[in-house]
file entry-v6.cif (mmCIF, C-alpha atoms and all ligand atoms)
data_target
#
loop_
_atom_site.label_atom_id
_atom_site.label_comp_id
_atom_site.auth_asym_id
_atom_site.auth_seq_id
_atom_site.Cartn_x
_atom_site.Cartn_y
_atom_site.Cartn_z
CA MET Q 45 -39.74 22.92 -21.69
CA LYS Q 46 -38.04 19.68 -20.70
CA ILE Q 47 -35.30 21.57 -18.86
CA GLU Q 48 -37.86 23.53 -16.88
CA ILE Q 49 -39.75 20.42 -15.81
CA GLN Q 50 -36.48 18.63 -15.01
CA ASP Q 51 -35.56 21.56 -12.81
CA LYS Q 52 -38.87 21.34 -10.97
CA LEU Q 53 -38.42 17.59 -10.49
CA ASN Q 54 -34.93 18.15 -9.08
CA LYS Q 55 -36.35 20.63 -6.58
CA LEU Q 56 -39.10 18.20 -5.66
CA ALA Q 57 -36.53 15.42 -5.16
CA LEU Q 58 -34.52 17.70 -2.88
CA LYS Q 59 -37.61 18.65 -0.92
CA LYS Q 60 -38.67 15.04 -0.41
CA SER Q 61 -35.25 13.68 0.55
CA ILE Q 62 -32.75 14.26 3.35
CA PRO Q 63 -28.95 14.39 2.89
CA PHE Q 64 -27.49 11.35 4.59
CA CYS Q 65 -23.95 10.46 5.69
CA TYR Q 66 -23.48 6.80 4.95
CA GLY Q 67 -20.22 6.60 6.94
CA CYS Q 68 -21.90 7.75 10.15
CA TYR Q 69 -25.29 6.39 9.12
CA GLN Q 70 -26.80 9.68 10.10
CA ASP Q 71 -29.00 12.34 8.50
CA ALA Q 72 -27.16 15.52 7.61
CA PRO Q 73 -29.92 18.00 6.77
CA THR Q 74 -27.54 20.97 6.58
CA GLY Q 75 -25.61 19.35 3.71
CA ARG Q 76 -22.60 18.61 5.92
CA CYS Q 77 -22.39 15.75 8.41
CA ASN Q 78 -22.10 17.16 11.93
CA ILE Q 79 -20.20 14.08 13.13
CA CYS Q 80 -17.44 13.57 10.54
CA GLY Q 81 -17.76 16.86 8.62
CA SER Q 82 -18.17 15.14 5.26
CA ASP Q 83 -20.20 16.75 2.49
CA ASP Q 84 -20.00 13.63 0.34
CA LEU Q 85 -23.57 12.69 1.15
CA MET Q 86 -26.21 10.36 -0.12
CA ASN Q 87 -29.87 11.27 -0.28
CA ARG Q 88 -32.33 9.43 1.88
CA LEU Q 89 -35.94 9.11 0.85
CA PRO Q 90 -37.83 8.13 3.99
CA GLY Q 91 -39.41 4.71 3.68
CA VAL Q 92 -37.70 4.00 0.37
CA GLY Q 93 -33.92 3.97 0.69
CA CYS Q 94 -30.74 5.97 0.30
CA GLU Q 95 -28.42 6.36 -2.66
CA TYR Q 96 -26.20 8.98 -4.23
CA GLY Q 97 -27.78 11.42 -6.64
CA GLN Q 98 -31.33 12.44 -7.41
CA GLU Q 99 -32.13 10.47 -10.54
CA TRP Q 100 -33.40 7.51 -8.55
CA ILE Q 101 -35.61 9.75 -6.42
CA ILE Q 102 -37.15 11.30 -9.51
CA SER Q 103 -37.70 7.83 -11.00
CA HIS Q 104 -39.38 6.73 -7.79
CA ILE Q 105 -41.64 9.80 -7.73
CA LEU Q 106 -42.65 9.33 -11.37
CA GLU Q 107 -43.30 5.62 -10.94
CA THR Q 108 -45.44 6.06 -7.87
CA GLU Q 109 -47.32 9.22 -8.81
CA LEU Q 110 -47.92 8.96 -12.56
CA SER Q 111 -49.16 6.40 -15.05
CA PRO Q 112 -46.83 5.83 -17.97
CA VAL Q 113 -48.17 6.30 -21.49
CA ASP Q 114 -49.42 3.09 -23.06
CA ILE Q 115 -47.78 3.77 -26.44
CA GLU Q 116 -49.58 0.96 -28.24
CA GLU Q 117 -52.96 2.13 -27.03
CA ALA Q 118 -52.28 5.82 -27.69
CA PHE Q 119 -50.96 5.16 -31.18
CA GLU Q 120 -53.92 2.95 -31.98
CA GLU Q 121 -56.26 5.69 -30.79
CA SER Q 122 -54.57 8.23 -33.06
CA ILE Q 123 -54.96 5.90 -36.05
CA ARG Q 124 -58.62 5.28 -35.25
CA GLN Q 125 -59.20 9.02 -35.37
CA ILE Q 126 -57.69 9.32 -38.84
CA TYR Q 127 -59.01 6.26 -40.67
CA PRO Q 128 -62.49 4.78 -41.00
CA GLU Q 129 -63.32 2.34 -38.26
CA GLU Q 130 -64.15 -0.44 -40.72
CA THR Q 131 -62.64 -1.45 -44.03
CA LYS Q 132 -64.38 -3.53 -46.66
CA VAL Q 133 -62.43 -6.14 -48.57
CA GLY Q 134 -64.62 -7.88 -51.12
CA TRP Q 135 -67.80 -8.72 -49.24
CA MET Q 136 -66.08 -8.77 -45.87
CA THR Q 137 -65.95 -5.97 -43.32
CA PHE Q 138 -62.95 -5.69 -41.00
CA ASP Q 139 -61.93 -3.52 -38.12
CA THR Q 140 -59.34 -1.30 -39.84
CA VAL Q 141 -56.76 -1.27 -37.04
CA THR Q 142 -57.00 -5.01 -36.41
CA LEU Q 143 -56.62 -5.64 -40.12
CA MET Q 144 -53.57 -3.36 -40.41
CA LYS Q 145 -51.87 -4.86 -37.36
CA SER Q 146 -52.43 -8.43 -38.43
CA GLN Q 147 -51.57 -7.95 -42.11
CA ASP Q 148 -48.43 -5.87 -41.74
CA PRO Q 149 -47.09 -5.75 -38.18
CA VAL Q 150 -43.72 -4.45 -39.39
CA SER Q 151 -45.25 -1.40 -41.05
CA TRP Q 152 -47.46 -0.91 -38.00
CA ASN Q 153 -44.46 -0.92 -35.65
CA ILE Q 154 -42.44 1.45 -37.82
CA ALA Q 155 -45.33 3.91 -37.91
CA LYS Q 156 -45.74 3.52 -34.15
CA SER Q 157 -42.14 4.40 -33.42
CA GLU Q 158 -42.31 7.36 -35.81
CA TRP Q 159 -45.45 8.52 -34.02
CA GLU Q 160 -43.66 8.16 -30.67
CA SER Q 161 -40.69 10.27 -31.86
CA GLN Q 162 -43.03 12.92 -33.24
CA GLU Q 163 -45.03 13.13 -30.02
CA GLU Q 164 -41.82 13.46 -28.04
CA GLU Q 165 -40.56 16.17 -30.39
CA ASP Q 166 -43.87 18.00 -30.04
CA GLY Q 167 -43.54 17.76 -26.26
CA THR Q 168 -46.76 15.80 -25.79
CA ILE Q 169 -44.91 12.92 -24.15
CA ILE Q 170 -41.69 13.03 -22.16
CA SER Q 171 -39.15 10.43 -21.08
CA PHE Q 172 -36.40 10.54 -18.48
CA ASP Q 173 -34.96 7.12 -19.30
CA ASN Q 174 -34.20 7.46 -23.02
CA GLY Q 175 -37.57 6.30 -24.17
CA ALA Q 176 -38.08 3.21 -22.01
CA THR Q 177 -40.97 4.95 -20.26
CA TYR Q 178 -42.99 7.93 -21.40
CA TYR Q 179 -45.30 10.18 -19.43
CA TRP Q 180 -47.90 12.60 -20.75
CA TYR Q 181 -46.40 16.02 -20.44
CA SER Q 182 -49.75 17.42 -19.27
CA ASP Q 183 -49.93 14.82 -16.43
CA LEU Q 184 -46.42 15.64 -15.34
CA GLU Q 185 -46.97 19.38 -15.46
CA LYS Q 186 -50.14 19.09 -13.42
CA PHE Q 187 -48.45 16.85 -10.87
CA VAL Q 188 -45.46 19.19 -10.47
CA ASP Q 189 -47.70 22.24 -10.14
CA ASP Q 190 -49.85 20.47 -7.54
CA GLN Q 191 -46.72 19.66 -5.55
CA GLU Q 192 -45.56 23.26 -5.64
CA ALA Q 193 -48.93 24.63 -4.59
ZN ZN U 201 -20.53 11.54 8.76
#

call {"tool": "encode", "arguments": {"input": "entry-v6.cif", "output": "structure tokens", "more": "lines below"}}
Ligand SMILES: [Zn+2]
result
Amino acid sequence: MKIEIQDKLNKLALKKSIPFCYGCYQDAPTGRCNICGSDDLMNRLPGVGCEYGQEWIISHILETELSPVDIEEAFEESIRQIYPEETKVGWMTFDTVTLMKSQDPVSWNIAKSEWESQEEEDGTIISFDNGATYYWYSDLEKFVDDQEA
């Protein structure tokens, strides 16, 4: 699943960028510079910049087109669906999530990172930078399909 979407992103990056000879400072859309003959080319993304490789183009596309997952918010939401909204302690009534977070932030954070790993394993969320940023798989799939259409 991840390989398939990665493949589509690579194609999209290729489609959006133009091979560029840095030595001649010239576009080389055929994949070979028609001035110096080099095929050691950068990729130029109009209006953004030029660099070797496609990773940076994909990062740029993701950053500009999609909203990253707010892990804290999404985890909190999942907990709210499982546990009662309020918890009584003695005669006091507390918001369950607020109580959990304030009373044991370590346990909260461990559970959050376990939740994150599980969601990634299930393919609900996907990261291209080793977990620094996640995107909803469904958002990404929709975006890629829209681009292909
Ligand atoms: Zn050249």

call {"tool": "closest_residue", "arguments": {"input": "entry-v6.cif", "among": "Q:Gln147, Q:Tyr181, Q:Ser103, Q:Met86", "to": "Glu165 of chain Q", "atoms": "all atoms listed in the file"}}
result
Q:Tyr181

call {"tool": "atom_distance", "arguments": {"input": "entry-v6.cif", "atom1": "atom CA of Glu120 of chain Q", "atom2": "atom CA of Ser157 of chain Q"}}
result
12.0 Å

call {"tool": "residues_around", "arguments": {"input": "entry-v6.cif", "residues": "segment 172-180 of chain Q", "least_positions_apart": "6", "cutoff": "8 Å", "atoms": "only C-alpha atoms", "output": "compact mmCIF listing (two decimals) with C-alpha atoms, in the coordinates of the input"}}
result
# COMPACT_ATOMS: atom_id res chain seq x y z
CA LEU Q 110 -47.92 8.96 -12.56
CA SER Q 111 -49.16 6.40 -15.05
CA PRO Q 112 -46.83 5.83 -17.97
CA VAL Q 113 -48.17 6.30 -21.49

call {"tool": "closest_residue", "arguments": {"input": "entry-v6.cif", "among": "Q:Asn78, Q:Thr137, Q:Gln50, Q:Asn87", "to": "Phe64 of chain Q", "atoms": "only C-alpha atoms"}}
result
Q:Asn87

call {"tool": "residues_near_point", "arguments": {"input": "entry-v6.cif", "point": "(-26.9, 9.1, -4.1)", "cutoff": "10 Å", "atoms": "only C-alpha atoms", "output": "PyMOL selection string"}}
result
chain Q and resi 63-64+66+84-88+93-101

call {"tool": "residues_near_ligand", "arguments": {"input": "entry-v6.cif", "ligand": "ligand ZN 201 (chain U)", "cutoff": "7 Å", "atoms": "all atoms listed in the file", "output": "NGL selection string"}}
result
:Q and (65-68 or 70 or 77-82)

call {"tool": "closest_residue", "arguments": {"input": "entry-v6.cif", "among": "Q:Lys60, Q:Lys132, Q:Lys145, Q:Arg76", "to": "Gln191 of chain Q", "atoms": "only C-alpha atoms"}}
result
Q:Lys60

call {"tool": "atom_distance", "arguments": {"input": "entry-v6.cif", "atom1": "atom CA of Asp190 of chain Q", "atom2": "atom CA of Ile170 of chain Q"}}
result
18.3 Å
